[in-house]
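Enquirer: Below is the file structure-v2.txt, which contains compact mmCIF, C-alpha atoms.
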# COMPACT_ATOMS: atom_id res chain seq x y z
CA MET R 782 7.71 0.42 -7.86
CA LEU R 783 9.36 -2.91 -7.08
CA MET R 784 9.00 -5.35 -4.20
CA PRO R 785 10.96 -8.47 -3.20
CA VAL R 786 9.22 -11.86 -3.33
CA VAL R 787 10.75 -14.76 -1.38
CA CYS R 788 10.50 -18.26 -2.83
CA THR R 789 8.66 -20.33 -0.23
CA GLU R 790 9.88 -23.62 -1.73
CA CYS R 791 13.49 -22.50 -1.34
CA ALA R 792 12.69 -21.54 2.25
CA ASP R 793 11.15 -24.96 2.93
CA GLU R 794 14.21 -26.68 1.45
CA MET R 795 16.44 -24.59 3.66
CA LEU R 796 14.53 -25.69 6.74
CA SER R 797 14.91 -29.34 5.70
CA GLY R 798 18.64 -28.93 5.06
CA VAL R 799 18.47 -29.08 1.27
CA GLY R 800 19.17 -25.40 0.85
CA LEU R 801 22.32 -25.37 2.97
CA ILE R 802 25.50 -24.42 1.12
CA PRO R 803 29.01 -25.71 1.96
CA ASP R 804 30.21 -22.72 3.96
CA GLY R 805 27.30 -23.10 6.37
CA GLY R 806 25.11 -20.39 4.86
CA ILE R 807 21.66 -20.79 3.40
CA LEU R 808 20.33 -20.21 -0.09
CA ILE R 809 16.87 -18.69 -0.42
CA GLU R 810 15.88 -17.25 -3.77
CA THR R 811 14.16 -13.88 -3.94
CA ARG R 812 12.87 -12.02 -6.97
CA VAL R 813 12.22 -8.32 -7.29
CA VAL R 814 8.91 -7.82 -9.09
CA PRO R 815 6.92 -4.76 -10.21
CA VAL R 816 4.04 -3.93 -7.91
CA GLN R 817 0.53 -4.29 -9.34
CA THR R 818 -2.98 -3.31 -8.31
CA VAL R 819 -4.26 -6.87 -7.96
CA GLY R 820 -2.46 -8.46 -5.02
CA LEU R 821 -1.92 -11.91 -6.58
CA TYR R 822 1.57 -12.57 -7.93
CA ARG R 823 2.97 -15.42 -10.01
CA VAL R 824 6.69 -15.61 -10.74
CA ALA R 825 9.37 -18.32 -11.12
CA CYS R 826 12.53 -18.22 -9.04
CA ARG R 827 15.90 -18.93 -10.64
CA ARG R 828 15.86 -22.48 -9.32
CA GLY R 829 12.69 -23.24 -11.26
CA HIS R 830 10.11 -23.04 -8.48
CA ASN R 831 6.79 -21.44 -9.40
CA ILE R 832 5.83 -18.88 -6.78
CA VAL R 833 2.21 -17.90 -6.12
CA MET R 834 1.85 -15.18 -3.51
CA ILE R 835 -0.87 -12.91 -2.15
CA ALA R 836 0.41 -9.52 -1.05
CA ASP R 837 -0.87 -8.33 2.32
CA PHE R 838 -1.01 -4.64 1.48
CA GLN R 839 -3.62 -1.98 1.12
CA GLN R 840 -3.49 0.13 -2.01
CA PHE R 841 -2.93 3.34 -0.05
CA GLU R 842 0.15 1.83 1.61
CA LEU R 843 1.72 0.99 -1.75
CA LEU R 844 0.74 4.30 -3.33
CA PHE R 845 2.44 6.25 -0.56
CA GLU R 846 5.57 4.13 -0.98
CA SER R 847 5.42 4.72 -4.73
CA ALA R 848 5.17 8.46 -4.06
CA LEU R 849 8.31 8.33 -1.93
CA GLU R 850 10.12 6.44 -4.68
CA ALA R 851 9.05 9.01 -7.27
CA PHE R 852 10.24 11.81 -5.00
CA SER R 853 13.58 10.06 -4.44
CA ASP R 854 14.00 9.79 -8.22
CA THR R 855 13.19 13.52 -8.61
CA TYR R 856 9.84 12.89 -10.31
CA PHE R 857 8.17 15.49 -8.14
CA ARG R 858 4.98 15.89 -10.16
CA GLU R 859 4.43 12.13 -10.14
CA SER R 860 5.12 12.00 -6.41
CA VAL R 861 2.39 14.56 -5.71
CA SER R 862 -0.06 12.55 -7.82
CA SER R 863 0.74 9.36 -5.90
CA PHE R 864 0.60 11.10 -2.51
CA ALA R 865 -2.87 12.39 -3.42
CA ALA R 866 -4.00 8.98 -4.70
CA SER R 867 -2.75 7.37 -1.49
CA LEU R 868 -4.91 9.68 0.60
CA GLU R 869 -7.97 9.00 -1.56
CA ARG R 870 -7.49 5.24 -1.27
CA TYR R 871 -7.10 5.63 2.50
CA TYR R 872 -10.49 7.34 2.52
CA GLU R 873 -11.92 4.33 0.69
CA PHE R 874 -10.41 1.96 3.26
CA ALA R 875 -11.66 4.10 6.15
CA ILE R 876 -15.15 4.26 4.63
CA ARG R 877 -15.24 0.46 4.38
CA THR R 878 -14.01 0.15 7.97
CA LEU R 879 -16.58 2.60 9.33
CA LEU R 880 -19.42 0.95 7.41
CA ILE R 881 -18.36 -2.47 8.71
CA GLU R 882 -18.39 -0.95 12.20
CA ARG R 883 -22.05 -0.07 11.61
CA SER R 884 -22.79 -3.71 10.60
CA VAL R 885 -23.33 -2.89 6.92
CA SER R 886 -22.93 -5.99 4.75
CA ARG R 887 -20.11 -6.31 2.24
CA ASP R 888 -22.55 -6.43 -0.66
CA ALA R 889 -24.17 -3.21 0.50
CA ILE R 890 -20.76 -1.59 0.96
CA ASP R 891 -19.82 -2.52 -2.60
CA VAL R 892 -23.04 -0.95 -3.90
CA VAL R 893 -22.45 2.23 -1.90
CA TRP R 894 -18.85 2.50 -3.03
CA LYS R 895 -19.73 1.93 -6.67
CA SER R 896 -22.03 4.95 -6.52
CA VAL R 897 -19.12 7.26 -5.58
CA SER R 898 -16.10 5.40 -6.98
CA ARG R 899 -15.51 7.93 -9.78
CA GLN R 900 -16.20 11.06 -7.73
CA SER R 901 -13.48 11.97 -5.28
CA GLU R 902 -15.41 14.86 -3.73
CA ARG R 903 -18.34 12.58 -2.89
CA GLN R 904 -15.89 10.06 -1.43
CA LEU R 905 -14.44 12.76 0.80
CA GLY R 906 -17.92 13.85 1.85
CA MET R 907 -18.86 10.27 2.70
CA PHE R 908 -15.69 9.86 4.76
CA ILE R 909 -16.31 13.10 6.66
CA GLY R 910 -19.92 12.12 7.38
CA LEU R 911 -19.14 8.59 8.57
CA TYR R 912 -16.19 9.75 10.67
CA THR R 913 -18.21 12.52 12.29
CA ALA R 914 -21.07 10.14 13.07
CA ALA R 915 -18.64 7.67 14.65
CA ARG R 916 -16.45 10.12 16.59
CA GLY R 917 -18.73 13.09 17.23
CA TYR R 918 -16.43 15.57 15.49
CA PRO R 919 -15.12 15.97 11.92
CA PRO R 920 -11.78 14.52 10.80
CA LYS R 921 -8.73 16.50 9.86
CA ILE R 922 -8.40 16.77 6.08
CA LEU R 923 -6.10 18.57 3.65
CA SER R 924 -6.08 22.32 4.08
CA SER R 925 -7.67 24.35 1.30
CA ASP R 926 -4.21 25.54 0.23
CA LYS R 927 -2.90 21.97 -0.05
CA ALA R 928 -6.04 20.84 -1.90
CA SER R 929 -5.65 23.74 -4.34
CA PHE R 930 -1.98 22.85 -4.85
CA ARG R 931 -2.90 19.21 -5.53
CA ASN R 932 -5.45 20.29 -8.13
CA SER R 933 -2.97 22.60 -9.83
CA VAL R 934 -0.51 19.71 -10.18
CA ILE R 935 -2.95 16.99 -11.23
CA HIS R 936 -5.41 19.01 -13.33
CA ASN R 937 -3.48 22.08 -14.49
CA GLY R 938 -0.10 20.55 -15.26
CA HIS R 939 1.86 22.48 -12.62
CA PHE R 940 5.39 21.19 -12.06
CA PRO R 941 6.03 21.44 -8.32
CA SER R 942 9.36 22.34 -6.79
CA PRO R 943 11.07 19.72 -4.60
CA ASN R 944 10.06 21.69 -1.51
CA GLU R 945 6.41 21.93 -2.61
CA ALA R 946 6.24 18.20 -3.29
CA PHE R 947 7.92 17.39 0.03
CA GLU R 948 5.57 19.63 2.03
CA PHE R 949 2.52 18.15 0.33
CA GLY R 950 3.78 14.63 1.01
CA ALA R 951 4.45 15.53 4.64
CA SER R 952 0.86 16.80 5.02
CA VAL R 953 -0.53 13.57 3.58
CA TYR R 954 1.86 11.56 5.76
CA GLU R 955 0.54 13.22 8.92
CA LEU R 956 -3.09 12.65 7.92
CA LEU R 957 -2.45 8.98 7.16
CA LEU R 958 -0.51 8.33 10.36
CA ASN R 959 -3.18 9.93 12.52
CA GLY R 960 -6.01 8.25 10.63
CA ILE R 961 -4.48 4.79 10.89
CA LYS R 962 -3.83 5.29 14.59
CA GLU R 963 -7.49 6.16 15.18
CA LEU R 964 -8.77 3.20 13.16
CA ARG R 965 -6.46 0.86 15.05
CA LEU R 966 -7.44 2.17 18.48
CA ASP R 967 -11.20 2.59 18.02
CA PHE R 968 -12.23 0.26 15.19
CA TYR R 969 -9.65 -2.51 15.25
CA ALA R 970 -11.94 -5.47 14.51
CA SER R 971 -13.66 -3.64 11.66
CA MET R 972 -10.29 -2.54 10.29
CA GLN R 973 -9.11 -6.15 10.26
CA GLU R 974 -12.25 -7.22 8.41
CA ALA R 975 -11.63 -4.51 5.82
CA ARG R 976 -8.08 -5.86 5.42
CA ASN R 977 -9.47 -9.37 4.95
CA PHE R 978 -11.71 -8.08 2.18
CA THR R 979 -8.65 -7.01 0.18
CA ARG R 980 -6.93 -10.37 0.63
CA GLU R 981 -10.07 -12.25 -0.33
CA LYS R 982 -10.47 -10.18 -3.50
CA ALA R 983 -6.91 -11.11 -4.49
CA SER R 984 -7.53 -14.80 -3.75
CA GLU R 985 -10.41 -14.88 -6.25
CA GLY R 986 -7.78 -15.26 -8.98
CA VAL R 987 -6.18 -18.38 -7.45
CA ARG R 988 -6.31 -21.32 -9.86
CA PRO R 989 -7.33 -24.87 -8.89
CA GLY R 990 -4.43 -26.66 -7.23
CA GLU R 991 -2.57 -23.48 -6.30
CA VAL R 992 -1.80 -22.83 -2.64
CA PRO R 993 -0.64 -19.22 -2.44
CA ALA R 994 1.53 -17.98 0.38
CA GLN R 995 1.04 -14.57 1.93
CA PHE R 996 3.80 -11.99 1.94
CA ALA R 997 4.42 -8.42 2.96
CA MET R 998 7.29 -6.01 3.11
CA SER R 999 7.95 -3.08 5.36
CA THR R 1000 6.27 0.07 4.06
CA THR R 1001 6.46 3.59 5.44
CA ILE R 1002 2.68 3.73 5.86
CA SER R 1003 1.42 0.48 7.34
CA LEU R 1004 -1.67 -0.70 9.19
CA THR R 1005 0.46 -3.21 11.09
CA ASN R 1006 3.32 -0.94 12.19
CA ILE R 1007 2.81 0.05 15.81
CA GLY R 1008 6.29 1.52 16.30
CA ASP R 1009 7.24 5.18 16.16
CA PRO R 1010 6.96 6.46 12.57
CA LEU R 1011 9.98 7.85 10.79
CA PRO R 1012 10.14 11.59 10.25
CA MET R 1013 9.27 12.43 6.64
CA LEU R 1014 12.86 13.21 5.62
CA ASP R 1015 14.12 9.96 7.14
CA ALA R 1016 11.36 8.08 5.31
CA VAL R 1017 12.48 9.58 1.99
CA ASN R 1018 16.11 8.68 2.68
CA SER R 1019 15.17 5.13 3.69
CA VAL R 1020 13.26 4.59 0.45
CA ALA R 1021 16.13 6.07 -1.58
CA ASP R 1022 18.53 3.59 0.05
CA ARG R 1023 16.20 0.69 -0.76
CA LEU R 1024 15.96 1.78 -4.38
CA ARG R 1025 19.73 1.72 -4.70
CA ARG R 1026 19.89 -1.80 -3.27
CA HIS R 1027 17.18 -3.09 -5.61
CA ARG R 1028 18.81 -1.61 -8.66
CA TYR R 1029 22.03 -3.45 -7.91
CA SER R 1030 20.33 -6.77 -7.05
CA ASP R 1031 18.58 -8.23 -10.09
CA ASN R 1032 16.19 -7.36 -12.86
CA PRO R 1033 12.44 -7.18 -12.25
CA GLU R 1034 10.53 -10.32 -13.15
CA PRO R 1035 7.14 -10.24 -14.85
CA ALA R 1036 4.31 -11.05 -12.45
CA THR R 1037 0.79 -11.89 -13.54
CA HIS R 1038 -2.53 -12.15 -11.77
CA GLY R 1039 -4.61 -13.83 -14.48
Written as structure tokens, that's how I'd like the structure from this file.

Expert:
Amino acid sequence: MLMPVVCTECADEMLSGVGLIPDGGILIETRVVPVQTVGLYRVACRRGHNIVMIADFQQFELLFESALEAFSDTYFRESVSSFAASLERYYEFAIRTLLIERSVSRDAIDVVWKSVSRQSERQLGMFIGLYTAARGYPPKILSSDKASFRNSVIHNGHFPSPNEAFEFGASVYELLLNGIKELRLDFYASMQEARNFTREKASEGVRPGEVPAQFAMSTTISLTNIGDPLPMLDAVNSVADRLRRHRYSDNPEPATHG
């Protein structure tokens, strides 16, 4: 998966008039870089500026986008895996949000999460318990049929048909959209603190003297998008269009977080 990174120095020069070109346009360098788990990116633009950026994304947002890209490229098995991973990482984010809502410290949250970090069933159980305690009723989760299908793909090597992969992705999409809406409406402050935790973890890799900028791009699943969501098919087509544009723009640049 690739994402565009805008050079902030080029943007500053444009605002001061340096980046203006003779025909009255503006020149702002962007680079298309491979996405990475750690949200700290370092890359040089073609004009020689060194870019240090912190991505304002949650892992589940990027994983869902990656799943759509895999589906668009006809990697249906990989898309199912990424859809499933996106849902699991949403559960992690929701767990952190709900624990923050109960005034649990970050250190304690880290200890709790470490105890279940390698056990997806325990993570799901923790999410169901915290959600039920907060809302008074259990959350909607994957149906048993969809969970069985996911397991057959991930653990048994099943190659799904395009329709199977699409339907699974649509089920995850609905769960994520509804879950995000509930977090935003009922636990907004705690949700924002959970978002800050991710940004702060990325900033731990900033070197002395570096002043990273923050960037984001539009993703299909987003904590910040309050507009009407795209239907699943439209979301797939939108991602496919973006992939075509990226592939005709420029080559991915290496980005590091060390």

Enquirer: Quick one, how far is CA of Ser942 in chain R from CA of Gln904 in chain R?

Expert: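 Computing the Euclidean distance for CA of Ser942 in chain R and CA of Gln904 in chain R yields 28.6 Å.
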
Enquirer: Please indicate the distance in Å from CA of Phe949 in chain R to CA of Lys895 in chain R, rounded to one decimal place.

Expert: 28.4 Å

Enquirer: Within 9 Å of range 838-858 of chain R, which residues of range 948-1001 of chain R show up? Give each one with its shortest atom-to-atom distance in Å (one decimal) and the two atoms involved, counting all atoms listed in the file, rows by chain then rising residue number, as a tab-separated table.

Expert:
residue	atom	partner	partner_atom	distance
R:Gly950	CA	R:Ala848	CA	8.1
R:Val953	CA	R:Phe845	CA	8.9
R:Tyr954	CA	R:Phe845	CA	8.3
R:Arg976	CA	R:Gln839	CA	7.3
R:Thr979	CA	R:Gln839	CA	7.2
R:Arg980	CA	R:Phe838	CA	8.3
R:Phe996	CA	R:Phe838	CA	8.8
R:Ala997	CA	R:Phe838	CA	6.8
R:Met998	CA	R:Phe838	CA	8.6
R:Thr1000	CA	R:Glu846	CA	6.5
R:Thr1001	CA	R:Glu846	CA	6.5

Enquirer: Produce a file of the selected residues containing C-alpha atoms, as a compact mmCIF listing (two decimals), in the frame of the given file.

Expert:
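Below you can see result_31.txt, which holds the result:
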# COMPACT_ATOMS: atom_id res chain seq x y z
CA GLY R 950 3.78 14.63 1.01
CA VAL R 953 -0.53 13.57 3.58
CA TYR R 954 1.86 11.56 5.76
CA ARG R 976 -8.08 -5.86 5.42
CA THR R 979 -8.65 -7.01 0.18
CA ARG R 980 -6.93 -10.37 0.63
CA PHE R 996 3.80 -11.99 1.94
CA ALA R 997 4.42 -8.42 2.96
CA MET R 998 7.29 -6.01 3.11
CA THR R 1000 6.27 0.07 4.06
CA THR R 1001 6.46 3.59 5.44

Enquirer: Please provide as a PyMOL selection string all residues within 10 Å of Ile881 in chain R, with the sequence filter that same-chain residues fewer than 5 positions apart are discarded (counting all atoms listed in the file).

Expert: chain R and resi 875-876+886-887+890+968+970-972+974-975

Enquirer: Residues within 10 Å of (-16.1, 5.6, 1.6), file coordinates, counting only C-alpha atoms: what are they? Give the list as JSON, numbers by chain.

Expert: {"R": [869, 870, 871, 872, 873, 874, 875, 876, 877, 878, 879, 880, 890, 891, 893, 894, 895, 897, 898, 901, 903, 904, 905, 906, 907, 908, 909, 910, 911, 912]}

Enquirer: Could you work out how far CA of Ala792 in chain R lies from CA of Gly986 in chain R, giving the answer in Å with one decimal?

Expert: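 We find that CA of Gly986 in chain R and CA of Ala792 in chain R lie 24.2 Å from each other.
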
Enquirer: Residues at most 9 Å from Ser984 in chain R, counting all atoms listed in the file, excluding those fewer than 5 positions away in the same chain, as a PyMOL selection string?

Expert: chain R and resi 820-821+835+979+993

Enquirer: Which is closer to Tyr969 in chain R than all the others in R:Asn932, R:Ser863, R:Ser884, R:Thr1005, using only C-alpha atoms?

Expert: R:Thr1005

Enquirer: Given the choices R:Asn831, R:Pro1012, R:Val1017, R:Ile922, which gets closest to Leu956 in chain R if the distance is worked out from all atoms listed in the file?

Expert: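 Smallest distance to Leu956 in chain R is found for R:Ile922.
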
Enquirer: Nearest to Asp926 in chain R: which of R:Gly938, R:Phe947, R:Ser1019, R:Ser952 is it, counting all atoms listed in the file?

Expert: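 Checking each of R:Gly938, R:Phe947, R:Ser1019, R:Ser952 against Asp926 in chain R, counting all atoms listed in the file, the winner is R:Ser952.
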
Enquirer: Please identify all polymer residues lying at most 8 Å from the point (9.1, -15.6, -2.2) (file coordinates), using only C-alpha atoms, and present the result as an mmCIF file with C-alpha atoms, keeping the file's coordinate frame.

Expert:
data_model
loop_
_atom_site.group_PDB
_atom_site.id
_atom_site.type_symbol
_atom_site.label_atom_id
_atom_site.label_comp_id
_atom_site.auth_asym_id
_atom_site.auth_seq_id
_atom_site.Cartn_x
_atom_site.Cartn_y
_atom_site.Cartn_z
ATOM 1 C CA PRO R 785 10.960 -8.470 -3.200
ATOM 2 C CA VAL R 786 9.220 -11.860 -3.330
ATOM 3 C CA VAL R 787 10.750 -14.760 -1.380
ATOM 4 C CA CYS R 788 10.500 -18.260 -2.830
ATOM 5 C CA THR R 789 8.660 -20.330 -0.230
ATOM 6 C CA GLU R 810 15.880 -17.250 -3.770
ATOM 7 C CA THR R 811 14.160 -13.880 -3.940
ATOM 8 C CA ARG R 812 12.870 -12.020 -6.970
ATOM 9 C CA ILE R 832 5.830 -18.880 -6.780
ATOM 10 C CA MET R 834 1.850 -15.180 -3.510
ATOM 11 C CA PHE R 996 3.800 -11.990 1.940
#

Enquirer: Produce the centre coordinates and the three edge lengths, each in Å to one decimal, of the box along x, y and z that contains all listed atoms of range 935-948 of chain R with 6 Å added on each side, as JSON.

Expert:
{"center_x": 2.8, "center_y": 19.7, "center_z": -6.6, "size_x": 28.5, "size_y": 17.5, "size_z": 29.3}

Enquirer: As a PDB file, keeping the file's coordinate frame, please: range 986-1022 of chain R completed to N, CA and C atoms.

Expert:
ATOM      1  N   GLY R 986      -8.496 -14.879  -7.774  1.00  0.00           N
ATOM      2  CA  GLY R 986      -7.780 -15.260  -8.980  1.00  0.00           C
ATOM      3  C   GLY R 986      -6.944 -16.518  -8.842  1.00  0.00           C
ATOM      4  N   VAL R 987      -6.967 -17.157  -7.663  1.00  0.00           N
ATOM      5  CA  VAL R 987      -6.180 -18.380  -7.450  1.00  0.00           C
ATOM      6  C   VAL R 987      -6.755 -19.511  -8.296  1.00  0.00           C
ATOM      7  N   ARG R 988      -5.887 -20.224  -8.981  1.00  0.00           N
ATOM      8  CA  ARG R 988      -6.310 -21.320  -9.860  1.00  0.00           C
ATOM      9  C   ARG R 988      -6.429 -22.618  -9.067  1.00  0.00           C
ATOM     10  N   PRO R 989      -7.220 -23.568  -9.563  1.00  0.00           N
ATOM     11  CA  PRO R 989      -7.330 -24.870  -8.890  1.00  0.00           C
ATOM     12  C   PRO R 989      -5.959 -25.514  -8.716  1.00  0.00           C
ATOM     13  N   GLY R 990      -5.703 -26.015  -7.519  1.00  0.00           N
ATOM     14  CA  GLY R 990      -4.430 -26.660  -7.230  1.00  0.00           C
ATOM     15  C   GLY R 990      -3.366 -25.737  -6.688  1.00  0.00           C
ATOM     16  N   GLU R 991      -3.558 -24.427  -6.827  1.00  0.00           N
ATOM     17  CA  GLU R 991      -2.570 -23.480  -6.300  1.00  0.00           C
ATOM     18  C   GLU R 991      -2.817 -23.229  -4.814  1.00  0.00           C
ATOM     19  N   VAL R 992      -1.730 -23.151  -4.068  1.00  0.00           N
ATOM     20  CA  VAL R 992      -1.800 -22.830  -2.640  1.00  0.00           C
ATOM     21  C   VAL R 992      -0.917 -21.601  -2.419  1.00  0.00           C
ATOM     22  N   PRO R 993      -1.475 -20.413  -2.541  1.00  0.00           N
ATOM     23  CA  PRO R 993      -0.640 -19.220  -2.440  1.00  0.00           C
ATOM     24  C   PRO R 993      -0.180 -18.960  -1.011  1.00  0.00           C
ATOM     25  N   ALA R 994       1.029 -18.455  -0.904  1.00  0.00           N
ATOM     26  CA  ALA R 994       1.530 -17.980   0.380  1.00  0.00           C
ATOM     27  C   ALA R 994       1.227 -16.492   0.494  1.00  0.00           C
ATOM     28  N   GLN R 995       1.290 -15.985   1.695  1.00  0.00           N
ATOM     29  CA  GLN R 995       1.040 -14.570   1.930  1.00  0.00           C
ATOM     30  C   GLN R 995       2.357 -13.882   2.226  1.00  0.00           C
ATOM     31  N   PHE R 996       2.550 -12.694   1.674  1.00  0.00           N
ATOM     32  CA  PHE R 996       3.800 -11.990   1.940  1.00  0.00           C
ATOM     33  C   PHE R 996       3.534 -10.508   2.116  1.00  0.00           C
ATOM     34  N   ALA R 997       4.479  -9.866   2.759  1.00  0.00           N
ATOM     35  CA  ALA R 997       4.420  -8.420   2.960  1.00  0.00           C
ATOM     36  C   ALA R 997       5.840  -7.908   3.054  1.00  0.00           C
ATOM     37  N   MET R 998       6.003  -6.634   2.872  1.00  0.00           N
ATOM     38  CA  MET R 998       7.290  -6.010   3.110  1.00  0.00           C
ATOM     39  C   MET R 998       7.042  -4.766   3.958  1.00  0.00           C
ATOM     40  N   SER R 999       8.094  -4.258   4.526  1.00  0.00           N
ATOM     41  CA  SER R 999       7.950  -3.080   5.360  1.00  0.00           C
ATOM     42  C   SER R 999       7.674  -1.855   4.485  1.00  0.00           C
ATOM     43  N   THR R1000       6.591  -1.166   4.768  1.00  0.00           N
ATOM     44  CA  THR R1000       6.270   0.070   4.060  1.00  0.00           C
ATOM     45  C   THR R1000       6.199   1.220   5.059  1.00  0.00           C
ATOM     46  N   THR R1001       6.431   2.412   4.568  1.00  0.00           N
ATOM     47  CA  THR R1001       6.460   3.590   5.440  1.00  0.00           C
ATOM     48  C   THR R1001       5.111   3.797   6.113  1.00  0.00           C
ATOM     49  N   ILE R1002       4.046   3.693   5.339  1.00  0.00           N
ATOM     50  CA  ILE R1002       2.680   3.730   5.860  1.00  0.00           C
ATOM     51  C   ILE R1002       2.193   2.297   5.961  1.00  0.00           C
ATOM     52  N   SER R1003       1.808   1.873   7.153  1.00  0.00           N
ATOM     53  CA  SER R1003       1.420   0.480   7.340  1.00  0.00           C
ATOM     54  C   SER R1003       0.377   0.354   8.442  1.00  0.00           C
ATOM     55  N   LEU R1004      -0.652  -0.434   8.172  1.00  0.00           N
ATOM     56  CA  LEU R1004      -1.670  -0.700   9.190  1.00  0.00           C
ATOM     57  C   LEU R1004      -1.121  -1.529  10.333  1.00  0.00           C
ATOM     58  N   THR R1005      -0.052  -2.283  10.087  1.00  0.00           N
ATOM     59  CA  THR R1005       0.460  -3.210  11.090  1.00  0.00           C
ATOM     60  C   THR R1005       1.627  -2.644  11.894  1.00  0.00           C
ATOM     61  N   ASN R1006       2.167  -1.511  11.498  1.00  0.00           N
ATOM     62  CA  ASN R1006       3.320  -0.940  12.190  1.00  0.00           C
ATOM     63  C   ASN R1006       2.865  -0.150  13.409  1.00  0.00           C
ATOM     64  N   ILE R1007       3.222  -0.634  14.581  1.00  0.00           N
ATOM     65  CA  ILE R1007       2.810   0.050  15.810  1.00  0.00           C
ATOM     66  C   ILE R1007       3.979   0.804  16.443  1.00  0.00           C
ATOM     67  N   GLY R1008       5.139   0.795  15.780  1.00  0.00           N
ATOM     68  CA  GLY R1008       6.290   1.520  16.300  1.00  0.00           C
ATOM     69  C   GLY R1008       6.200   3.005  15.970  1.00  0.00           C
ATOM     70  N   ASP R1009       7.201   3.743  16.442  1.00  0.00           N
ATOM     71  CA  ASP R1009       7.240   5.180  16.160  1.00  0.00           C
ATOM     72  C   ASP R1009       7.525   5.401  14.676  1.00  0.00           C
ATOM     73  N   PRO R1010       6.739   6.220  14.004  1.00  0.00           N
ATOM     74  CA  PRO R1010       6.960   6.460  12.570  1.00  0.00           C
ATOM     75  C   PRO R1010       8.223   7.268  12.332  1.00  0.00           C
ATOM     76  N   LEU R1011       8.825   7.058  11.175  1.00  0.00           N
ATOM     77  CA  LEU R1011       9.980   7.850  10.790  1.00  0.00           C
ATOM     78  C   LEU R1011       9.559   9.275  10.472  1.00  0.00           C
ATOM     79  N   PRO R1012      10.396  10.252  10.781  1.00  0.00           N
ATOM     80  CA  PRO R1012      10.140  11.590  10.250  1.00  0.00           C
ATOM     81  C   PRO R1012      10.133  11.539   8.720  1.00  0.00           C
ATOM     82  N   MET R1013       9.443  12.461   8.095  1.00  0.00           N
ATOM     83  CA  MET R1013       9.270  12.430   6.640  1.00  0.00           C
ATOM     84  C   MET R1013      10.612  12.380   5.913  1.00  0.00           C
ATOM     85  N   LEU R1014      11.564  13.200   6.310  1.00  0.00           N
ATOM     86  CA  LEU R1014      12.860  13.210   5.620  1.00  0.00           C
ATOM     87  C   LEU R1014      13.560  11.877   5.763  1.00  0.00           C
ATOM     88  N   ASP R1015      13.512  11.280   6.944  1.00  0.00           N
ATOM     89  CA  ASP R1015      14.120   9.960   7.140  1.00  0.00           C
ATOM     90  C   ASP R1015      13.420   8.909   6.292  1.00  0.00           C
ATOM     91  N   ALA R1016      12.107   9.027   6.140  1.00  0.00           N
ATOM     92  CA  ALA R1016      11.360   8.080   5.310  1.00  0.00           C
ATOM     93  C   ALA R1016      11.812   8.174   3.856  1.00  0.00           C
ATOM     94  N   VAL R1017      11.997   9.390   3.362  1.00  0.00           N
ATOM     95  CA  VAL R1017      12.480   9.580   1.990  1.00  0.00           C
ATOM     96  C   VAL R1017      13.859   8.962   1.826  1.00  0.00           C
ATOM     97  N   ASN R1018      14.753   9.215   2.772  1.00  0.00           N
ATOM     98  CA  ASN R1018      16.110   8.680   2.680  1.00  0.00           C
ATOM     99  C   ASN R1018      16.118   7.154   2.756  1.00  0.00           C
ATOM    100  N   SER R1019      15.248   6.585   3.582  1.00  0.00           N
ATOM    101  CA  SER R1019      15.170   5.130   3.690  1.00  0.00           C
ATOM    102  C   SER R1019      14.730   4.502   2.374  1.00  0.00           C
ATOM    103  N   VAL R1020      13.740   5.100   1.738  1.00  0.00           N
ATOM    104  CA  VAL R1020      13.260   4.590   0.450  1.00  0.00           C
ATOM    105  C   VAL R1020      14.337   4.748  -0.618  1.00  0.00           C
ATOM    106  N   ALA R1021      15.051   5.861  -0.603  1.00  0.00           N
ATOM    107  CA  ALA R1021      16.130   6.070  -1.580  1.00  0.00           C
ATOM    108  C   ALA R1021      17.206   5.000  -1.424  1.00  0.00           C
ATOM    109  N   ASP R1022      17.542   4.651  -0.186  1.00  0.00           N
ATOM    110  CA  ASP R1022      18.530   3.590   0.050  1.00  0.00           C
ATOM    111  C   ASP R1022      18.031   2.254  -0.482  1.00  0.00           C
TER     112      ASP R1022
END
